[in-house]
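Data block for start27.txt (compact mmCIF, C-alpha atoms):
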# COMPACT_ATOMS: atom_id res chain seq x y z
CA MET N 1 48.31 24.46 5.22
CA THR N 2 50.48 24.93 2.12
CA THR N 3 49.06 24.85 -1.39
CA HIS N 4 51.00 21.66 -2.10
CA ASN N 5 49.45 19.91 0.88
CA LEU N 6 46.03 21.14 -0.18
CA TYR N 7 46.51 19.55 -3.62
CA PHE N 8 47.75 16.35 -2.01
CA LEU N 9 44.81 16.05 0.39
CA SER N 10 42.31 16.94 -2.35
CA ALA N 11 43.81 14.27 -4.64
CA ILE N 12 43.59 11.68 -1.86
CA GLY N 13 40.00 12.73 -1.09
CA ILE N 14 38.95 12.36 -4.74
CA PHE N 15 40.86 9.07 -5.03
CA VAL N 16 39.23 7.53 -1.95
CA GLY N 17 35.81 8.86 -3.00
CA VAL N 18 36.10 7.29 -6.45
CA LEU N 19 37.35 3.98 -5.04
CA LEU N 20 34.53 3.79 -2.49
CA SER N 21 31.93 4.67 -5.13
CA ILE N 22 33.18 1.93 -7.49
CA ALA N 23 33.39 -0.58 -4.64
CA GLY N 24 29.92 0.33 -3.35
CA TYR N 25 28.33 0.12 -6.80
CA TYR N 26 29.82 -3.28 -7.66
CA TYR N 27 29.37 -4.68 -4.17
CA SER N 28 25.65 -3.88 -4.27
CA ARG N 29 25.46 -5.45 -7.76
CA ARG N 30 27.18 -8.56 -6.47
CA ARG N 31 24.95 -8.83 -3.42
CA ARG N 32 21.87 -8.71 -5.60
CA SER N 33 22.97 -11.38 -8.06
CA PRO N 34 23.43 -14.47 -5.82
CA GLN N 35 19.91 -14.04 -4.49
CA VAL N 36 18.52 -14.65 -7.96
CA SER N 37 17.42 -18.24 -8.31
CA TRP N 38 17.76 -20.25 -11.48
CA GLU N 39 14.00 -20.00 -12.11
CA GLU N 40 14.15 -16.21 -11.71
CA LEU N 41 16.99 -16.06 -14.19
CA LEU N 42 14.98 -18.09 -16.65
CA GLN N 43 12.01 -15.75 -16.22
CA ARG N 44 14.21 -12.86 -17.29
CA LEU N 45 14.49 -14.37 -20.75
CA THR N 46 12.13 -12.66 -23.15
CA TRP N 47 10.40 -15.09 -25.46
CA ILE N 48 11.74 -15.18 -29.00
CA ASP N 49 10.50 -17.52 -31.72
CA ARG N 50 13.35 -20.05 -31.88
CA ASN N 51 12.23 -21.30 -35.30
CA ASN N 52 12.68 -17.83 -36.76
CA ILE N 53 16.10 -17.52 -35.12
CA ALA N 54 17.17 -20.90 -36.46
CA GLN N 55 15.87 -20.09 -39.95
CA VAL N 56 17.81 -16.82 -40.10
CA ALA N 57 20.97 -18.26 -38.57
CA LEU N 58 21.05 -21.47 -40.60
CA ASP N 59 20.78 -19.41 -43.73
CA LEU N 60 24.31 -18.22 -43.07
CA VAL N 61 25.97 -21.01 -41.04
CA ASP N 62 25.55 -24.75 -40.54
CA GLU N 63 24.52 -26.43 -37.27
CA GLY N 64 28.12 -26.36 -36.04
CA GLY N 65 28.45 -22.63 -36.67
CA GLN N 66 30.63 -22.98 -39.78
CA PRO N 67 29.87 -20.46 -42.57
CA LYS N 68 28.01 -21.89 -45.52
CA GLY N 69 29.28 -21.52 -49.06
CA VAL N 70 27.70 -18.89 -51.31
CA HIS N 71 25.75 -21.55 -53.17
CA ASP N 72 24.43 -23.26 -50.01
CA ALA N 73 22.95 -20.09 -48.54
CA ALA N 74 19.26 -19.61 -49.28
CA GLY N 75 19.66 -15.84 -49.24
CA LEU N 76 16.81 -14.36 -47.25
CA GLU N 77 15.21 -11.23 -48.64
CA PRO N 78 15.71 -8.09 -46.49
CA ALA N 79 11.96 -7.73 -45.89
CA GLN N 80 11.69 -11.39 -44.86
CA LEU N 81 14.69 -11.00 -42.59
CA TRP N 82 13.20 -7.92 -40.94
CA LYS N 83 9.96 -9.82 -40.28
CA LEU N 84 11.66 -12.93 -38.92
CA VAL N 85 14.00 -10.98 -36.65
CA GLY N 86 11.35 -8.53 -35.49
CA GLY N 87 13.26 -5.46 -36.62
CA LEU N 88 15.57 -3.53 -34.36
CA LYS N 89 13.31 -4.24 -31.37
CA GLY N 90 13.82 -7.97 -31.89
CA LEU N 91 17.57 -7.51 -31.90
CA GLU N 92 17.42 -5.45 -28.71
CA VAL N 93 15.55 -8.33 -27.06
CA MET N 94 18.34 -10.69 -28.17
CA GLU N 95 20.89 -8.28 -26.74
CA THR N 96 19.12 -8.32 -23.37
CA ASN N 97 18.68 -12.08 -23.52
CA SER N 98 22.38 -12.56 -24.24
CA GLU N 99 23.13 -11.09 -20.79
CA VAL N 100 20.78 -13.65 -19.22
CA LEU N 101 22.49 -16.44 -21.16
CA ILE N 102 25.81 -15.40 -19.59
CA ASP N 103 24.14 -15.37 -16.17
CA LEU N 104 22.84 -18.88 -16.80
CA ALA N 105 26.38 -20.04 -17.69
CA PHE N 106 27.72 -18.22 -14.63
CA TYR N 107 25.14 -20.01 -12.47
CA LEU N 108 26.56 -23.33 -13.58
CA GLN N 109 30.14 -22.14 -13.34
CA GLN N 110 29.69 -21.57 -9.63
CA TRP N 111 29.23 -25.31 -9.24
CA TYR N 112 31.52 -26.45 -12.01
CA PRO N 113 34.56 -24.15 -12.44
CA GLU N 114 35.44 -26.21 -15.52
CA ALA N 115 32.67 -24.34 -17.38
CA LEU N 116 34.94 -21.27 -17.50
CA VAL N 117 35.89 -21.60 -21.18
CA ILE N 118 32.28 -21.79 -22.33
CA ALA N 119 31.30 -18.82 -20.16
CA GLU N 120 34.23 -16.89 -21.65
CA ARG N 121 33.05 -17.70 -25.16
CA LEU N 122 29.52 -16.55 -24.30
CA ARG N 123 30.89 -13.24 -23.01
CA LEU N 124 32.76 -12.71 -26.28
CA ASP N 125 29.66 -13.65 -28.26
CA ALA N 126 27.56 -11.16 -26.28
CA ARG N 127 30.14 -8.48 -27.01
CA GLU N 128 29.97 -9.28 -30.72
CA LEU N 129 26.16 -9.20 -30.65
CA LYS N 130 26.21 -5.80 -28.93
CA TRP N 131 28.64 -4.56 -31.54
CA HIS N 132 26.30 -5.54 -34.39
CA VAL N 133 23.28 -3.97 -32.67
CA ALA N 134 25.24 -0.79 -31.97
CA ARG N 135 26.13 -0.53 -35.68
CA LEU N 136 22.46 -0.84 -36.56
CA LYS N 137 21.42 1.76 -33.98
CA GLY N 138 24.02 4.09 -35.45
CA ALA N 139 22.69 3.37 -38.93
CA ALA N 140 19.14 4.08 -37.73
CA GLN N 141 20.26 7.53 -36.53
CA THR N 142 21.82 8.37 -39.87
CA GLY N 143 18.89 6.98 -41.87
CA ASN N 144 20.86 4.02 -43.26
CA LEU N 145 19.10 1.25 -41.37
CA GLN N 146 17.56 -0.38 -44.42
CA ILE N 147 20.94 -0.72 -46.13
CA SER N 148 22.81 -2.00 -43.06
CA PHE N 149 20.10 -4.21 -41.55
CA PRO N 150 20.48 -7.39 -43.64
CA PHE N 151 24.23 -7.60 -43.08
CA TYR N 152 24.48 -6.83 -39.36
CA ALA N 153 21.14 -8.27 -38.26
CA GLN N 154 21.82 -11.70 -39.73
CA ARG N 155 25.25 -11.83 -38.09
CA ALA N 156 23.74 -10.78 -34.78
CA VAL N 157 21.15 -13.54 -35.05
CA VAL N 158 23.85 -16.11 -35.87
CA THR N 159 25.76 -15.05 -32.78
CA TYR N 160 22.66 -15.31 -30.61
CA TYR N 161 21.72 -18.68 -32.08
CA LEU N 162 25.21 -20.08 -31.41
CA MET N 163 25.10 -18.70 -27.87
CA THR N 164 21.90 -20.63 -27.17
CA ARG N 165 23.39 -23.78 -28.71
CA ARG N 166 26.52 -23.49 -26.60
CA LEU N 167 24.56 -22.94 -23.42
CA LEU N 168 22.36 -25.94 -24.11
CA ASP N 169 25.45 -28.05 -24.88
CA LEU N 170 26.98 -26.93 -21.59
CA TYR N 171 23.90 -27.85 -19.57
CA GLN N 172 23.69 -31.14 -21.40
CA ALA N 173 27.37 -31.88 -20.77
CA VAL N 174 26.99 -31.58 -17.01
CA ASN N 175 23.60 -33.32 -16.94
CA PHE N 176 22.03 -30.34 -15.28
CA SER N 177 18.52 -31.21 -14.11
CA MET N 178 17.08 -27.99 -15.50
CA LEU N 179 18.08 -28.75 -19.09
CA GLU N 180 14.50 -29.47 -20.19
CA LYS N 181 13.20 -26.15 -18.86
CA LEU N 182 16.07 -24.33 -20.51
CA GLN N 183 15.35 -26.02 -23.82
CA ASP N 184 11.74 -24.87 -23.55
CA ALA N 185 12.75 -21.32 -22.71
CA LEU N 186 15.21 -21.08 -25.58
CA MET I 1 63.10 2.79 23.44
CA HIS I 2 60.43 1.04 25.48
CA LEU I 3 57.00 -0.50 24.98
CA THR I 4 54.01 1.08 26.70
CA GLY I 5 51.28 -1.16 28.10
CA LEU I 6 49.11 -0.52 25.05
CA ASP I 7 51.97 -1.28 22.66
CA PHE I 8 52.68 -4.55 24.44
CA PHE I 9 48.99 -5.45 24.31
CA PHE I 10 48.90 -4.80 20.56
CA TRP I 11 52.11 -6.76 20.09
CA ALA I 12 50.82 -9.77 22.04
CA VAL I 13 47.36 -9.82 20.43
CA SER I 14 48.80 -9.49 16.93
CA PHE I 15 51.33 -12.27 17.62
CA LEU I 16 48.70 -14.64 19.01
CA GLU I 17 46.20 -13.87 16.24
CA ASN I 18 48.80 -14.56 13.56
CA LEU I 19 49.55 -17.88 15.25
CA GLY I 20 45.82 -18.63 15.28
CA LEU I 21 45.48 -17.73 11.59
CA LEU I 22 48.44 -19.92 10.72
CA PHE I 23 46.87 -22.80 12.62
CA VAL I 24 43.57 -22.34 10.73
CA LEU I 25 45.40 -22.24 7.38
CA TRP I 26 47.21 -25.46 8.26
CA TYR I 27 44.21 -27.24 9.83
CA ARG I 28 41.84 -26.38 6.99
CA ARG I 29 44.54 -27.29 4.43
CA LEU I 30 44.41 -23.82 2.92
CA ALA I 31 48.15 -23.14 3.05
CA ARG I 32 48.69 -24.92 -0.25
CA SER I 33 45.94 -22.92 -1.95
CA PHE I 34 47.17 -19.60 -0.54
CA PRO I 35 50.97 -19.91 -0.17
CA LEU I 36 51.66 -16.16 -0.22
CA PHE I 37 48.90 -15.39 2.24
CA THR I 38 50.32 -18.09 4.53
CA ALA I 39 53.78 -16.58 4.04
CA LEU I 40 52.42 -13.19 5.16
CA ALA I 41 51.05 -14.70 8.38
CA MET I 42 54.43 -16.37 8.97
CA LEU I 43 56.29 -13.15 8.27
CA CYS I 44 54.14 -11.32 10.82
CA ILE I 45 55.02 -13.91 13.47
CA ILE I 46 58.73 -13.75 12.64
CA ARG I 47 58.59 -9.96 12.58
CA ALA I 48 56.90 -9.80 15.99
CA VAL I 49 59.67 -11.95 17.53
CA VAL I 50 62.54 -10.20 15.71
CA MET I 51 61.27 -6.70 16.47
CA TYR I 52 60.80 -7.55 20.14
CA PHE I 53 64.36 -8.85 20.29
CA VAL I 54 65.81 -5.84 18.41
CA LEU I 55 63.82 -3.43 20.59
CA ASN I 56 65.28 -4.89 23.77
CA HIS I 57 68.82 -5.64 22.62
CA GLY I 58 69.48 -3.58 19.50
CA THR I 59 70.21 0.07 18.79
CA ARG I 60 67.81 2.71 17.50
CA GLN I 61 69.48 2.44 14.09
CA SER I 62 69.18 -1.33 13.92
CA TYR I 63 65.51 -1.07 14.93
CA PHE I 64 64.90 1.43 12.11
CA VAL I 65 66.65 -0.73 9.52
CA THR I 66 64.97 -3.95 10.63
CA TYR I 67 61.51 -2.35 10.85
CA TRP I 68 61.58 -0.82 7.38
CA SER I 69 63.31 -3.81 5.73
CA LEU I 70 60.57 -6.10 6.98
CA ALA I 71 57.96 -3.51 5.94
CA VAL I 72 59.29 -3.75 2.37
CA VAL I 73 59.02 -7.57 2.43
CA ASP I 74 55.51 -7.21 3.87
CA THR I 75 54.47 -4.90 1.02
CA ILE I 76 55.93 -7.22 -1.62
CA LEU I 77 54.00 -10.12 -0.09
CA GLU I 78 50.78 -8.08 -0.07
CA LEU I 79 51.23 -7.35 -3.77
CA GLY I 80 51.88 -11.06 -4.26
CA ILE I 81 48.59 -11.82 -2.51
CA VAL I 82 46.81 -9.52 -4.97
CA TYR I 83 48.23 -11.71 -7.74
CA GLU I 84 47.29 -14.86 -5.81
CA ILE I 85 43.69 -13.68 -5.51
CA ALA I 86 43.59 -12.54 -9.15
CA SER I 87 44.79 -15.93 -10.32
CA ARG I 88 42.14 -17.69 -8.20
CA VAL I 89 39.39 -15.48 -9.62
CA PHE I 90 40.51 -15.11 -13.23
CA ARG I 91 41.93 -18.61 -13.78
CA PRO I 92 40.03 -20.96 -11.48
CA VAL I 93 41.06 -24.07 -13.45
CA GLY I 94 44.56 -22.95 -14.37
CA VAL I 95 43.58 -21.06 -17.52
CA TRP I 96 43.30 -17.27 -17.61
CA ALA I 97 39.94 -15.98 -18.76
CA ARG I 98 41.54 -14.47 -21.84
CA ASP I 99 38.85 -11.93 -22.58
CA VAL I 100 39.58 -10.22 -19.24
CA ARG I 101 43.39 -10.60 -19.39
CA GLY I 102 43.81 -7.45 -21.49
CA SER I 103 41.53 -5.46 -19.17
CA PHE I 104 43.41 -6.81 -16.16
CA LEU I 105 46.80 -5.70 -17.52
CA TRP I 106 45.37 -2.32 -18.46
CA MET I 107 43.94 -2.04 -14.95
CA VAL I 108 47.33 -2.83 -13.37
CA GLY I 109 49.06 -0.22 -15.55
CA LEU I 110 46.52 2.47 -14.72
CA SER I 111 46.68 1.65 -10.99
CA VAL I 112 50.48 1.98 -10.99
CA ILE I 113 50.31 5.37 -12.72
CA VAL I 114 47.66 6.74 -10.31
CA ALA I 115 49.53 5.38 -7.26
CA LEU I 116 52.78 6.91 -8.54
CA GLY I 117 51.03 10.25 -9.06
CA LEU I 118 49.68 10.25 -5.51
CA SER I 119 53.02 9.32 -3.94
CA ARG I 120 54.74 12.01 -6.02
CA LEU I 121 52.32 14.61 -4.68
CA ALA I 122 53.11 13.64 -1.07
CA SER I 123 55.80 15.66 0.71
CA PRO I 124 56.15 14.15 4.18
CA PRO I 125 57.97 16.33 6.72
CA ALA I 126 60.69 13.77 7.51
CA ARG I 127 64.13 14.19 9.09
CA THR I 128 65.95 11.83 6.75
CA TRP I 129 65.56 11.01 3.07
CA ALA I 130 65.06 7.36 4.04
CA GLN I 131 62.00 8.24 6.13
CA SER I 132 60.61 10.31 3.29
CA PHE I 133 61.30 7.56 0.74
CA VAL I 134 59.73 4.86 2.90
CA THR I 135 56.64 7.00 3.64
CA LYS I 136 56.12 7.69 -0.05
CA GLY I 137 56.78 4.04 -0.87
CA THR I 138 54.24 2.83 1.69
CA LEU I 139 51.68 5.34 0.41
CA PHE I 140 52.31 4.07 -3.13
CA ALA I 141 51.83 0.44 -2.06
CA ALA I 142 48.67 1.18 -0.05
CA ALA I 143 47.14 3.15 -2.94
CA LEU I 144 48.11 0.47 -5.46
CA ILE I 145 46.72 -2.42 -3.42
CA SER I 146 43.45 -0.54 -2.70
CA GLU I 147 43.02 0.25 -6.40
CA LEU I 148 43.80 -3.29 -7.51
CA PHE I 149 41.29 -4.81 -5.12
CA VAL I 150 38.50 -2.45 -6.09
CA LEU I 151 39.17 -2.71 -9.84
CA MET I 152 39.59 -6.48 -9.63
CA MET I 153 36.22 -6.74 -7.92
CA ALA I 154 34.65 -4.52 -10.58
CA LEU I 155 36.22 -6.50 -13.42
CA SER I 156 35.26 -9.90 -12.05
CA ILE I 157 31.66 -8.82 -11.43
CA SER I 158 31.41 -7.30 -14.92
CA ALA I 159 32.78 -10.51 -16.43
CA ARG I 160 30.58 -12.57 -14.11
CA LEU I 161 33.46 -14.54 -12.66
CA PRO I 162 32.56 -16.16 -9.34
CA TRP I 163 34.57 -15.54 -6.17
CA ARG I 164 34.91 -18.58 -4.01
CA THR I 165 34.15 -17.79 -0.36
CA HIS I 166 37.66 -17.99 1.06
CA VAL I 167 39.18 -15.94 -1.75
CA ALA I 168 36.50 -13.29 -1.28
CA LYS I 169 37.10 -13.11 2.47
CA ILE I 170 40.88 -12.73 2.10
CA ALA I 171 40.33 -10.04 -0.54
CA GLN I 172 37.75 -8.17 1.54
CA GLY I 173 40.03 -8.15 4.59
CA LEU I 174 43.14 -7.05 2.73
CA GLY I 175 41.22 -4.54 0.62
CA ALA I 176 39.68 -2.89 3.69
CA TYR I 177 43.03 -2.88 5.51
CA SER I 178 44.74 -1.30 2.48
CA LEU I 179 42.16 1.46 2.40
CA VAL I 180 42.73 2.18 6.13
CA SER I 181 46.49 2.05 5.45
CA LEU I 182 46.08 4.57 2.67
CA LEU I 183 44.36 7.01 5.02
CA ILE I 184 47.01 6.44 7.67
CA GLU I 185 49.82 6.97 5.17
CA THR I 186 48.10 10.17 4.09
CA GLY I 187 48.23 11.24 7.73
CA HIS I 188 51.91 10.30 7.94
CA SER I 189 52.65 12.25 4.78
CA TYR I 190 50.86 15.28 6.16
CA PHE I 191 51.93 15.27 9.81
CA GLY I 192 55.36 13.67 9.46
CA VAL I 193 56.98 10.43 10.56
CA GLY I 194 59.17 9.31 13.47
CA GLY I 195 58.67 8.00 16.99
CA GLU I 196 58.85 11.53 18.40
CA VAL I 197 55.84 12.73 16.37
CA ARG I 198 52.75 12.08 18.50
CA THR I 199 50.39 11.88 15.54
CA PHE I 200 52.65 9.28 13.92
CA VAL I 201 52.42 7.08 17.02
CA PHE I 202 48.66 7.59 17.28
CA LEU I 203 48.07 6.73 13.59
CA SER I 204 50.39 3.72 13.79
CA ARG I 205 48.30 2.38 16.66
CA ILE I 206 45.14 2.79 14.61
CA ARG I 207 46.80 0.82 11.84
CA ILE I 208 47.71 -2.00 14.25
CA ALA I 209 44.15 -2.02 15.64
CA ALA I 210 42.81 -2.27 12.07
CA TYR I 211 45.19 -5.13 11.31
CA ILE I 212 44.21 -6.98 14.47
CA THR I 213 40.53 -6.66 13.48
CA CYS I 214 41.40 -7.92 10.02
CA LEU I 215 43.28 -10.92 11.46
CA ALA I 216 40.28 -11.84 13.63
CA TYR I 217 38.01 -11.59 10.57
CA TRP I 218 40.26 -13.84 8.49
CA THR I 219 40.62 -16.41 11.27
CA VAL I 220 36.85 -16.73 11.74
CA MET I 221 36.00 -16.67 8.03
CA LEU I 222 38.69 -19.14 6.96
CA TRP I 223 37.70 -21.50 9.76
CA ARG I 224 34.26 -21.78 8.16
CA LYS I 225 34.11 -24.32 5.36
CA GLU I 226 33.26 -23.05 1.93
CA GLN I 227 30.73 -24.69 -0.35
CA PRO I 228 32.65 -27.37 -2.26
CA SER I 229 32.56 -27.61 -6.05
CA ARG I 230 30.55 -30.51 -7.36
CA GLU I 231 32.52 -33.47 -8.58
CA MET I 232 32.10 -34.27 -12.24
CA THR I 233 31.68 -37.85 -13.32
CA GLU I 234 34.08 -39.19 -15.94
CA GLU I 235 31.34 -39.09 -18.57
CA MET I 236 30.46 -35.45 -17.76
CA ARG I 237 34.12 -34.50 -17.86
CA GLU I 238 34.52 -36.15 -21.25
CA ARG I 239 31.50 -34.36 -22.70
CA LEU I 240 32.57 -30.99 -21.29
CA PHE I 241 36.08 -31.56 -22.57
CA THR I 242 34.77 -32.16 -26.10
CA LEU I 243 32.64 -29.02 -25.86
CA GLN I 244 35.57 -27.02 -24.51
CA ARG I 245 37.82 -28.16 -27.35
CA ARG I 246 35.23 -27.04 -29.86
CA VAL I 247 34.78 -23.69 -28.13
CA GLU I 248 38.56 -23.25 -27.74
CA TYR I 249 38.91 -23.80 -31.49
CA ASP I 250 36.19 -21.19 -32.12
CA LEU I 251 37.91 -18.78 -29.73
CA GLN I 252 41.27 -19.15 -31.45
CA ASP I 253 39.58 -18.62 -34.79
CA LEU I 254 37.85 -15.50 -33.46
CA ARG I 255 41.10 -14.12 -32.02
CA SER I 256 43.02 -14.69 -35.23
CA ARG I 257 40.26 -12.92 -37.15
CA LYS I 258 40.46 -10.00 -34.71
CA LYS I 259 44.21 -9.72 -35.23
CA LEU I 260 43.85 -9.51 -39.01

Is it possible to express this structure as structure tokens?
Amino acid sequence: MTTHNLYFLSAIGIFVGVLLSIAGYYYSRRRRSPQVSWEELLQRLTWIDRNNIAQVALDLVDEGGQPKGVHDAAGLEPAQLWKLVGGLKGLEVMETNSEVLIDLAFYLQQWYPEALVIAERLRLDARELKWHVARLKGAAQTGNLQISFPFYAQRAVVTYYLMTRRLLDLYQAVNFSMLEKLQDAL
Amino acid sequence: MHLTGLDFFFWAVSFLENLGLLFVLWYRRLARSFPLFTALAMLCIIRAVVMYFVLNHGTRQSYFVTYWSLAVVDTILELGIVYEIASRVFRPVGVWARDVRGSFLWMVGLSVIVALGLSRLASPPARTWAQSFVTKGTLFAAALISELFVLMMALSISARLPWRTHVAKIAQGLGAYSLVSLLIETGHSYFGVGGEVRTFVFLSRIRIAAYITCLAYWTVMLWRKEQPSREMTEEMRERLFTLQRRVEYDLQDLRSRKKL
């Protein structure tokens, strides 16, 4: 066997190995997900006080998600914000919950492909939420959490709040029978 | 040139299975949803007839030209099917899921580069440049299709985009066949190509056996009905449309902010 052939066969071996690993990983992930019932998905949501979320979010935006003017905003104090959000832990819970919210939209999308646009928006929202939380985690490592928290945390909460509103609107739009349970959970 | 008993068996089974698949696609009204996949089944039938005719009445040269010309069309159609599946998964209602469009294009670019790299590394011991070119080309196509299927699956699962049953079955069949093809093309690149090379003939038969298995899988799976989408009432559609318009507006706003 020539050196060139050895390189070629090694490259093919690595290539096939990587492809099979990716395929195996995602295939097993996909096989697990359809078995999850709607109730099981709902149970994955960690309870968060919705009043606190609404209070923090509506301080910055109106019900429709439009930013409020400087004079309309109540301007929560950083300490109050920390308490209402539950600190970094509270934001991490929202981050985890945002994944479940996408799953709940995906559940509906399987029946109604028309829900694609809303599911897409939720995915973008979740990405934005993760981005805010990542900034705060970075700030925590450099000892700047207290300075960064009010700015990023409130925006993360707004994103999460709007995600829940959009999901509820989606379920309401298609008259999904589980809407009441979802409203309770959120 | 002559067909051995085994070759004739493969030829006949493949021909009949393609006819069966075409019938299923027509009977289940799937041909309109999967035009390129249907075209591939038709091409296989036409190829079986043409190749049989050329084998019995044509020259060695004409057989070579016809075989590899149709192989090129076959590869183009397979790449087209990748697009057909991608469009079913990533734009189920005629609109691309825009947040995955960038990743999808990036994925295609990366796949092309990796497939090009692999085919460049191959140095098949061939008698003519045409054989060498075609072997490298087929290796490139097999690597590209395998990559695209795997990465497409990964992307859709990450983005939580559902695969409808028939789309998933076509993708699974073609993905598995492409992976087998890749291994066979690796063998061709290593051992050499041409009817006189015993390994080439042996590997080609394995490929046909894999394709026949794939055809049987598609025929059975596409015969089964998939779970239909639920019909929306006019009122539901109206409400969802209003919600979508609002979300679309938000999305455009978000995108324009990202561009700034």

*What gap, in Å, lies between CA of Ala154 in chain I and CA of Val100 in chain I?*
11.5 Å

*Which is closer to Ser189 in chain I than all the others in I:Thr213, I:Ser204, I:Ser132, I:Ser146, using all atoms listed in the file?*
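With all atoms listed in the file as the atom set, the closest residue is I:Ser132.
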
*Taking all atoms listed in the file into account, which residues of chain N are within 10 Å of chain I, as a VMD selection string?*
chain N and resid 1 4 to 9 11 to 13 15 to 16 18 to 27 29 to 30 33 to 34 64 to 66 102 to 103 105 to 107 109 to 125 166 169 to 175

*Any idea what the distance is between CA of Ser87 in chain I and CA of His166 in chain I?*
13.6 Å

_Test item: which residues lie within 12 Å of (25.6, 0.4, -43.5) counting all atoms listed in the file, as an MDAnalysis selection string_ = chainID N and resid 132:153
